[in-house]
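The structure file coords_38.txt is reproduced below (compact mmCIF, N, CA and C atoms).
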# COMPACT_ATOMS: atom_id res chain seq x y z
N MET A 670 -17.22 -50.88 -38.97
CA MET A 670 -17.48 -51.26 -40.34
C MET A 670 -18.86 -50.78 -40.79
N ASN A 671 -19.87 -50.96 -39.94
CA ASN A 671 -21.22 -50.50 -40.29
C ASN A 671 -21.27 -48.99 -40.41
N PHE A 672 -20.49 -48.30 -39.59
CA PHE A 672 -20.44 -46.85 -39.65
C PHE A 672 -19.90 -46.39 -41.01
N SER A 673 -18.87 -47.06 -41.50
CA SER A 673 -18.28 -46.73 -42.80
C SER A 673 -19.28 -46.96 -43.93
N LYS A 674 -20.01 -48.04 -43.85
CA LYS A 674 -21.03 -48.33 -44.87
C LYS A 674 -22.12 -47.27 -44.84
N SER A 675 -22.51 -46.86 -43.67
CA SER A 675 -23.55 -45.83 -43.55
C SER A 675 -23.08 -44.51 -44.16
N ILE A 676 -21.86 -44.14 -43.89
CA ILE A 676 -21.30 -42.91 -44.45
C ILE A 676 -21.25 -43.00 -45.97
N MET A 677 -20.78 -44.12 -46.48
CA MET A 677 -20.70 -44.31 -47.94
C MET A 677 -22.08 -44.25 -48.58
N THR A 678 -23.08 -44.83 -47.94
CA THR A 678 -24.44 -44.81 -48.46
C THR A 678 -24.97 -43.39 -48.50
N ILE A 679 -24.75 -42.65 -47.46
CA ILE A 679 -25.20 -41.26 -47.41
C ILE A 679 -24.51 -40.44 -48.49
N MET A 680 -23.23 -40.66 -48.70
CA MET A 680 -22.50 -39.93 -49.74
C MET A 680 -23.03 -40.28 -51.12
N LEU A 681 -23.32 -41.54 -51.37
CA LEU A 681 -23.84 -41.97 -52.66
C LEU A 681 -25.21 -41.36 -52.93
N VAL A 682 -26.08 -41.37 -51.95
CA VAL A 682 -27.41 -40.78 -52.10
C VAL A 682 -27.29 -39.28 -52.35
N SER A 683 -26.41 -38.62 -51.64
CA SER A 683 -26.20 -37.18 -51.84
C SER A 683 -25.70 -36.90 -53.25
N LEU A 684 -24.80 -37.71 -53.73
CA LEU A 684 -24.27 -37.54 -55.08
C LEU A 684 -25.37 -37.70 -56.13
N LEU A 685 -26.25 -38.64 -55.93
CA LEU A 685 -27.36 -38.84 -56.87
C LEU A 685 -28.27 -37.62 -56.91
N PHE A 686 -28.49 -36.99 -55.79
CA PHE A 686 -29.37 -35.82 -55.75
C PHE A 686 -28.76 -34.59 -56.40
N VAL A 687 -27.46 -34.43 -56.33
CA VAL A 687 -26.82 -33.24 -56.89
C VAL A 687 -26.10 -33.51 -58.20
N GLY A 688 -26.03 -34.74 -58.64
CA GLY A 688 -25.31 -35.10 -59.85
C GLY A 688 -25.92 -34.53 -61.11
N CYS A 689 -27.21 -34.39 -61.14
CA CYS A 689 -27.90 -33.88 -62.32
C CYS A 689 -28.43 -32.49 -62.02
N LYS A 690 -28.38 -31.64 -63.04
CA LYS A 690 -28.92 -30.30 -62.88
C LYS A 690 -30.43 -30.38 -63.03
N GLU A 691 -31.14 -30.09 -61.97
CA GLU A 691 -32.59 -30.14 -61.99
C GLU A 691 -33.15 -28.73 -62.14
N LYS A 692 -34.45 -28.65 -62.33
CA LYS A 692 -35.11 -27.35 -62.37
C LYS A 692 -34.98 -26.70 -61.00
N SER A 693 -35.00 -25.40 -60.99
CA SER A 693 -34.93 -24.71 -59.71
C SER A 693 -36.23 -24.92 -58.95
N SER A 694 -36.21 -24.66 -57.66
CA SER A 694 -37.41 -24.87 -56.85
C SER A 694 -38.54 -23.95 -57.28
N GLU A 695 -38.21 -22.80 -57.88
CA GLU A 695 -39.25 -21.91 -58.38
C GLU A 695 -40.06 -22.58 -59.47
N ASN A 696 -39.39 -23.23 -60.42
CA ASN A 696 -40.09 -23.90 -61.51
C ASN A 696 -40.93 -25.05 -61.00
N VAL A 697 -40.44 -25.78 -60.02
CA VAL A 697 -41.19 -26.88 -59.45
C VAL A 697 -42.43 -26.34 -58.76
N ALA A 698 -42.29 -25.24 -58.04
CA ALA A 698 -43.43 -24.65 -57.36
C ALA A 698 -44.46 -24.14 -58.37
N ASP A 699 -44.00 -23.56 -59.47
CA ASP A 699 -44.92 -23.08 -60.49
C ASP A 699 -45.71 -24.23 -61.10
N SER A 700 -45.06 -25.35 -61.37
CA SER A 700 -45.75 -26.47 -61.99
C SER A 700 -46.75 -27.10 -61.02
N ALA A 701 -46.48 -27.00 -59.73
CA ALA A 701 -47.40 -27.56 -58.75
C ALA A 701 -48.67 -26.74 -58.63
N THR A 702 -48.61 -25.46 -58.98
CA THR A 702 -49.79 -24.62 -58.85
C THR A 702 -50.64 -24.60 -60.11
N GLU A 703 -50.18 -25.25 -61.17
CA GLU A 703 -50.97 -25.29 -62.39
C GLU A 703 -52.23 -26.09 -62.16
N THR A 704 -53.21 -25.85 -63.03
CA THR A 704 -54.51 -26.51 -62.86
C THR A 704 -54.50 -27.96 -63.30
N GLY A 705 -53.45 -28.39 -63.96
CA GLY A 705 -53.37 -29.78 -64.39
C GLY A 705 -53.87 -29.98 -65.81
N THR A 706 -54.46 -28.96 -66.41
CA THR A 706 -54.91 -29.08 -67.79
C THR A 706 -53.75 -28.79 -68.71
N PRO A 707 -53.57 -29.63 -69.73
CA PRO A 707 -52.45 -29.40 -70.64
C PRO A 707 -52.64 -28.14 -71.46
N LYS A 708 -51.51 -27.50 -71.75
CA LYS A 708 -51.52 -26.28 -72.55
C LYS A 708 -51.85 -26.64 -74.00
N VAL A 709 -52.83 -25.96 -74.58
CA VAL A 709 -53.21 -26.23 -75.95
C VAL A 709 -52.27 -25.46 -76.87
N LYS A 710 -51.64 -26.19 -77.78
CA LYS A 710 -50.70 -25.56 -78.70
C LYS A 710 -51.44 -25.10 -79.94
N LYS A 711 -51.01 -23.94 -80.45
CA LYS A 711 -51.59 -23.42 -81.67
C LYS A 711 -51.09 -24.23 -82.85
N GLU A 712 -51.93 -24.37 -83.85
CA GLU A 712 -51.55 -25.07 -85.07
C GLU A 712 -50.57 -24.21 -85.85
N ILE A 713 -49.51 -24.81 -86.35
CA ILE A 713 -48.49 -24.08 -87.09
C ILE A 713 -48.69 -24.35 -88.57
N ALA A 714 -48.77 -23.29 -89.37
CA ALA A 714 -48.93 -23.44 -90.81
C ALA A 714 -47.68 -24.11 -91.38
N ALA A 715 -47.89 -24.99 -92.36
CA ALA A 715 -46.78 -25.74 -92.95
C ALA A 715 -45.72 -24.81 -93.53
N ALA A 716 -46.13 -23.66 -94.06
CA ALA A 716 -45.17 -22.72 -94.65
C ALA A 716 -44.27 -22.09 -93.59
N ASN A 717 -44.74 -22.03 -92.34
CA ASN A 717 -43.97 -21.40 -91.26
C ASN A 717 -43.17 -22.40 -90.42
N LEU A 718 -43.36 -23.69 -90.69
CA LEU A 718 -42.70 -24.71 -89.88
C LEU A 718 -41.23 -24.85 -90.29
N GLN A 719 -40.37 -24.81 -89.29
CA GLN A 719 -38.93 -24.95 -89.52
C GLN A 719 -38.38 -25.92 -88.49
N THR A 720 -37.38 -26.69 -88.88
CA THR A 720 -36.77 -27.66 -87.97
C THR A 720 -35.31 -27.29 -87.76
N ALA A 721 -34.92 -27.29 -86.50
CA ALA A 721 -33.53 -27.00 -86.14
C ALA A 721 -32.93 -28.22 -85.46
N ASN A 722 -31.73 -28.57 -85.86
CA ASN A 722 -30.95 -29.64 -85.22
C ASN A 722 -29.69 -29.01 -84.66
N PHE A 723 -29.37 -29.32 -83.41
CA PHE A 723 -28.17 -28.74 -82.82
C PHE A 723 -27.60 -29.64 -81.74
N THR A 724 -26.36 -29.37 -81.38
CA THR A 724 -25.64 -30.11 -80.35
C THR A 724 -25.75 -29.37 -79.02
N ILE A 725 -25.91 -30.14 -77.94
CA ILE A 725 -25.94 -29.56 -76.59
C ILE A 725 -24.83 -30.21 -75.78
N LYS A 726 -23.85 -29.45 -75.38
CA LYS A 726 -22.76 -29.94 -74.54
C LYS A 726 -23.05 -29.56 -73.08
N GLY A 727 -22.61 -30.41 -72.16
CA GLY A 727 -22.74 -30.12 -70.74
C GLY A 727 -23.78 -30.95 -70.02
N MET A 728 -24.53 -31.79 -70.74
CA MET A 728 -25.52 -32.64 -70.08
C MET A 728 -24.80 -33.77 -69.36
N THR A 729 -25.23 -34.06 -68.12
CA THR A 729 -24.60 -35.12 -67.33
C THR A 729 -25.51 -36.31 -67.10
N CYS A 730 -26.79 -36.18 -67.40
CA CYS A 730 -27.70 -37.31 -67.23
C CYS A 730 -28.93 -37.14 -68.11
N GLU A 731 -29.63 -38.24 -68.30
CA GLU A 731 -30.77 -38.24 -69.21
C GLU A 731 -32.02 -37.65 -68.55
N ILE A 732 -32.25 -37.98 -67.31
CA ILE A 732 -33.49 -37.56 -66.67
C ILE A 732 -33.42 -36.11 -66.19
N GLY A 733 -32.37 -35.75 -65.51
CA GLY A 733 -32.27 -34.40 -64.98
C GLY A 733 -31.93 -33.35 -66.01
N CYS A 734 -31.08 -33.67 -66.95
CA CYS A 734 -30.60 -32.67 -67.92
C CYS A 734 -31.42 -32.69 -69.20
N ALA A 735 -31.33 -33.81 -69.92
CA ALA A 735 -31.99 -33.89 -71.23
C ALA A 735 -33.49 -33.69 -71.12
N LYS A 736 -34.11 -34.32 -70.14
CA LYS A 736 -35.56 -34.20 -69.99
C LYS A 736 -35.96 -32.77 -69.62
N THR A 737 -35.19 -32.13 -68.77
CA THR A 737 -35.48 -30.76 -68.37
C THR A 737 -35.39 -29.81 -69.56
N ILE A 738 -34.34 -29.96 -70.36
CA ILE A 738 -34.19 -29.11 -71.55
C ILE A 738 -35.34 -29.36 -72.52
N GLN A 739 -35.69 -30.62 -72.71
CA GLN A 739 -36.78 -30.96 -73.62
C GLN A 739 -38.09 -30.34 -73.15
N GLU A 740 -38.37 -30.41 -71.86
CA GLU A 740 -39.59 -29.80 -71.32
C GLU A 740 -39.60 -28.29 -71.49
N GLU A 741 -38.44 -27.66 -71.28
CA GLU A 741 -38.33 -26.22 -71.47
C GLU A 741 -38.65 -25.83 -72.92
N LEU A 742 -38.08 -26.57 -73.86
CA LEU A 742 -38.30 -26.27 -75.28
C LEU A 742 -39.76 -26.53 -75.67
N ASN A 743 -40.32 -27.65 -75.23
CA ASN A 743 -41.71 -27.96 -75.56
C ASN A 743 -42.70 -26.98 -74.94
N GLY A 744 -42.30 -26.30 -73.87
CA GLY A 744 -43.17 -25.33 -73.23
C GLY A 744 -43.21 -23.98 -73.91
N LEU A 745 -42.35 -23.76 -74.88
CA LEU A 745 -42.30 -22.46 -75.57
C LEU A 745 -43.46 -22.32 -76.56
N ASP A 746 -44.01 -21.12 -76.63
CA ASP A 746 -44.99 -20.83 -77.67
C ASP A 746 -44.29 -20.88 -79.00
N GLY A 747 -44.88 -21.55 -79.96
CA GLY A 747 -44.29 -21.65 -81.28
C GLY A 747 -43.55 -22.95 -81.53
N VAL A 748 -43.34 -23.75 -80.49
CA VAL A 748 -42.66 -25.04 -80.67
C VAL A 748 -43.72 -26.12 -80.88
N GLN A 749 -43.58 -26.84 -81.99
CA GLN A 749 -44.49 -27.95 -82.25
C GLN A 749 -44.01 -29.19 -81.51
N THR A 750 -42.76 -29.56 -81.71
CA THR A 750 -42.16 -30.69 -80.99
C THR A 750 -40.69 -30.41 -80.73
N ALA A 751 -40.21 -30.95 -79.63
CA ALA A 751 -38.79 -30.85 -79.30
C ALA A 751 -38.37 -32.17 -78.69
N THR A 752 -37.28 -32.72 -79.17
CA THR A 752 -36.72 -33.94 -78.59
C THR A 752 -35.24 -33.73 -78.31
N VAL A 753 -34.80 -34.18 -77.16
CA VAL A 753 -33.40 -34.07 -76.76
C VAL A 753 -32.87 -35.47 -76.54
N ASN A 754 -31.77 -35.80 -77.19
CA ASN A 754 -31.14 -37.11 -77.09
C ASN A 754 -29.86 -36.96 -76.27
N PHE A 755 -29.89 -37.51 -75.06
CA PHE A 755 -28.74 -37.40 -74.16
C PHE A 755 -27.50 -38.10 -74.72
N LYS A 756 -27.68 -39.31 -75.23
CA LYS A 756 -26.53 -40.09 -75.70
C LYS A 756 -25.84 -39.44 -76.89
N LYS A 757 -26.60 -38.84 -77.78
CA LYS A 757 -26.02 -38.18 -78.96
C LYS A 757 -25.70 -36.72 -78.71
N GLU A 758 -26.07 -36.22 -77.51
CA GLU A 758 -25.88 -34.80 -77.16
C GLU A 758 -26.49 -33.89 -78.21
N SER A 759 -27.72 -34.21 -78.63
CA SER A 759 -28.35 -33.44 -79.69
C SER A 759 -29.80 -33.14 -79.38
N ALA A 760 -30.34 -32.17 -80.12
CA ALA A 760 -31.75 -31.81 -80.00
C ALA A 760 -32.30 -31.54 -81.40
N THR A 761 -33.58 -31.84 -81.57
CA THR A 761 -34.30 -31.53 -82.78
C THR A 761 -35.58 -30.80 -82.37
N VAL A 762 -35.77 -29.61 -82.93
CA VAL A 762 -36.92 -28.79 -82.56
C VAL A 762 -37.64 -28.35 -83.83
N SER A 763 -38.95 -28.64 -83.89
CA SER A 763 -39.79 -28.14 -84.97
C SER A 763 -40.55 -26.95 -84.41
N PHE A 764 -40.41 -25.80 -85.06
CA PHE A 764 -40.98 -24.58 -84.51
C PHE A 764 -41.52 -23.66 -85.60
N ASP A 765 -42.32 -22.68 -85.18
CA ASP A 765 -42.88 -21.67 -86.07
C ASP A 765 -41.86 -20.56 -86.23
N LYS A 766 -41.34 -20.40 -87.44
CA LYS A 766 -40.28 -19.41 -87.66
C LYS A 766 -40.78 -17.97 -87.56
N THR A 767 -42.10 -17.76 -87.54
CA THR A 767 -42.62 -16.42 -87.35
C THR A 767 -42.73 -16.05 -85.87
N VAL A 768 -42.61 -17.06 -85.00
CA VAL A 768 -42.72 -16.83 -83.56
C VAL A 768 -41.36 -16.90 -82.88
N LEU A 769 -40.52 -17.85 -83.29
CA LEU A 769 -39.22 -18.07 -82.66
C LEU A 769 -38.10 -18.02 -83.69
N THR A 770 -36.89 -17.77 -83.18
CA THR A 770 -35.69 -17.80 -84.01
C THR A 770 -34.74 -18.84 -83.43
N PRO A 771 -33.79 -19.31 -84.21
CA PRO A 771 -32.79 -20.24 -83.66
C PRO A 771 -32.01 -19.63 -82.49
N GLU A 772 -31.78 -18.34 -82.53
CA GLU A 772 -31.07 -17.67 -81.44
C GLU A 772 -31.87 -17.74 -80.14
N GLU A 773 -33.20 -17.62 -80.25
CA GLU A 773 -34.04 -17.71 -79.05
C GLU A 773 -34.02 -19.14 -78.48
N LEU A 774 -34.02 -20.14 -79.36
CA LEU A 774 -33.91 -21.52 -78.89
C LEU A 774 -32.60 -21.74 -78.15
N THR A 775 -31.52 -21.19 -78.70
CA THR A 775 -30.21 -21.29 -78.07
C THR A 775 -30.22 -20.65 -76.69
N LYS A 776 -30.82 -19.47 -76.58
CA LYS A 776 -30.88 -18.77 -75.29
C LYS A 776 -31.64 -19.58 -74.25
N VAL A 777 -32.75 -20.21 -74.65
CA VAL A 777 -33.55 -20.99 -73.71
C VAL A 777 -32.75 -22.19 -73.20
N VAL A 778 -32.08 -22.90 -74.10
CA VAL A 778 -31.29 -24.06 -73.69
C VAL A 778 -30.15 -23.64 -72.77
N GLU A 779 -29.42 -22.62 -73.16
CA GLU A 779 -28.27 -22.20 -72.36
C GLU A 779 -28.67 -21.56 -71.03
N ALA A 780 -29.90 -21.06 -70.92
CA ALA A 780 -30.37 -20.47 -69.67
C ALA A 780 -30.93 -21.52 -68.71
N THR A 781 -31.15 -22.73 -69.19
CA THR A 781 -31.67 -23.79 -68.34
C THR A 781 -30.64 -24.14 -67.27
N ALA A 782 -31.12 -24.50 -66.11
CA ALA A 782 -30.29 -24.78 -64.93
C ALA A 782 -29.67 -23.48 -64.43
N ASP A 783 -28.35 -23.42 -64.33
CA ASP A 783 -27.70 -22.24 -63.76
C ASP A 783 -27.28 -21.22 -64.80
N GLY A 784 -27.54 -21.49 -66.08
CA GLY A 784 -27.17 -20.55 -67.14
C GLY A 784 -25.75 -20.69 -67.62
N LYS A 785 -24.98 -21.60 -67.03
CA LYS A 785 -23.57 -21.78 -67.40
C LYS A 785 -23.26 -23.22 -67.82
N THR A 786 -24.18 -24.13 -67.60
CA THR A 786 -23.91 -25.54 -67.77
C THR A 786 -23.98 -26.00 -69.22
N TYR A 787 -24.99 -25.57 -69.95
CA TYR A 787 -25.24 -26.10 -71.29
C TYR A 787 -24.79 -25.12 -72.37
N LYS A 788 -24.18 -25.66 -73.42
CA LYS A 788 -23.72 -24.86 -74.55
C LYS A 788 -24.25 -25.46 -75.84
N VAL A 789 -24.85 -24.63 -76.68
CA VAL A 789 -25.41 -25.05 -77.95
C VAL A 789 -24.40 -24.75 -79.06
N SER A 790 -24.27 -25.72 -79.98
CA SER A 790 -23.39 -25.52 -81.14
C SER A 790 -23.96 -26.30 -82.32
N ASN A 791 -23.36 -26.09 -83.48
CA ASN A 791 -23.74 -26.79 -84.71
C ASN A 791 -25.21 -26.65 -85.07
N MET A 792 -25.75 -25.44 -84.98
CA MET A 792 -27.16 -25.21 -85.32
C MET A 792 -27.35 -25.39 -86.82
N LYS A 793 -28.24 -26.30 -87.19
CA LYS A 793 -28.54 -26.56 -88.60
C LYS A 793 -30.05 -26.45 -88.81
N LEU A 794 -30.42 -25.69 -89.82
CA LEU A 794 -31.84 -25.50 -90.12
C LEU A 794 -32.23 -26.27 -91.36

Encoded form using structure tokens:
Amino acid sequence: MNFSKSIMTIMLVSLLFVGCKEKSSENVADSATETGTPKVKKEIAAANLQTANFTIKGMTCEIGCAKTIQEELNGLDGVQTATVNFKKESATVSFDKTVLTPEELTKVVEATADGKTYKVSNMKL
């Protein structure tokens, strides 16, 4: 009986580790080598500020998926703010339209994780 419980516990822990798409080990290694100082964002002129709202399909969890996508978007040059809502399967990104395009935002989201997991749709500007 104890052996069965041990096996079930190990399976549950394994499932938790692989259930969410996390950043690759390369990205984790890159973030560990940073100096720890936050990246200073350039001020975006009000005339160049654009907001995009879109749907993201394929997210399986809030911490591994939604947070990872949000961090990827916020790390882009030209993005003022990006928020990803796991429950609504949506994202809102305020960005400089002279630096980024909606197509580039779509490419970044869809390239996160393995490049096949997330799909962007319903892009509204």

message: Given only C-alpha atoms as the basis, pick out the residue of A:Val777, A:Ile679, A:Leu769, A:Met728 nearest to Leu742 (chain A).
response: A:Val777

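Rounded to one decimal, atom C of Asp746 (chain A) and atom N of Lys766 (chain A) lie 9.0 Å from each other.
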
- prompt: Between A:Ser675, A:Ala782, A:Thr770, A:Glu712, which is the closest to Ala735 (chain A) once you count only C-alpha atoms?
  reply: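 Comparing A:Ser675, A:Ala782, A:Thr770, A:Glu712 against Ala735 (chain A), the winner is A:Ala782.
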
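Atom C of Lys788 (chain A) is found 20.3 Å from atom C of Gly747 (chain A).
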
- prompt: So how many Å separate CA of Gly727 (chain A) and atom N of Thr767 (chain A), to one decimal?
  reply: 28.5 Å

task: Pick out the residues sitting within 7 Å of region 749-763 of chain A, and hand them over as number ranges by chain; count all atoms listed in the file, and ignore anything fewer than 4 positions along from it in its own chain.
output: A: 718-726, 730-731, 735-736, 738-739, 742-743
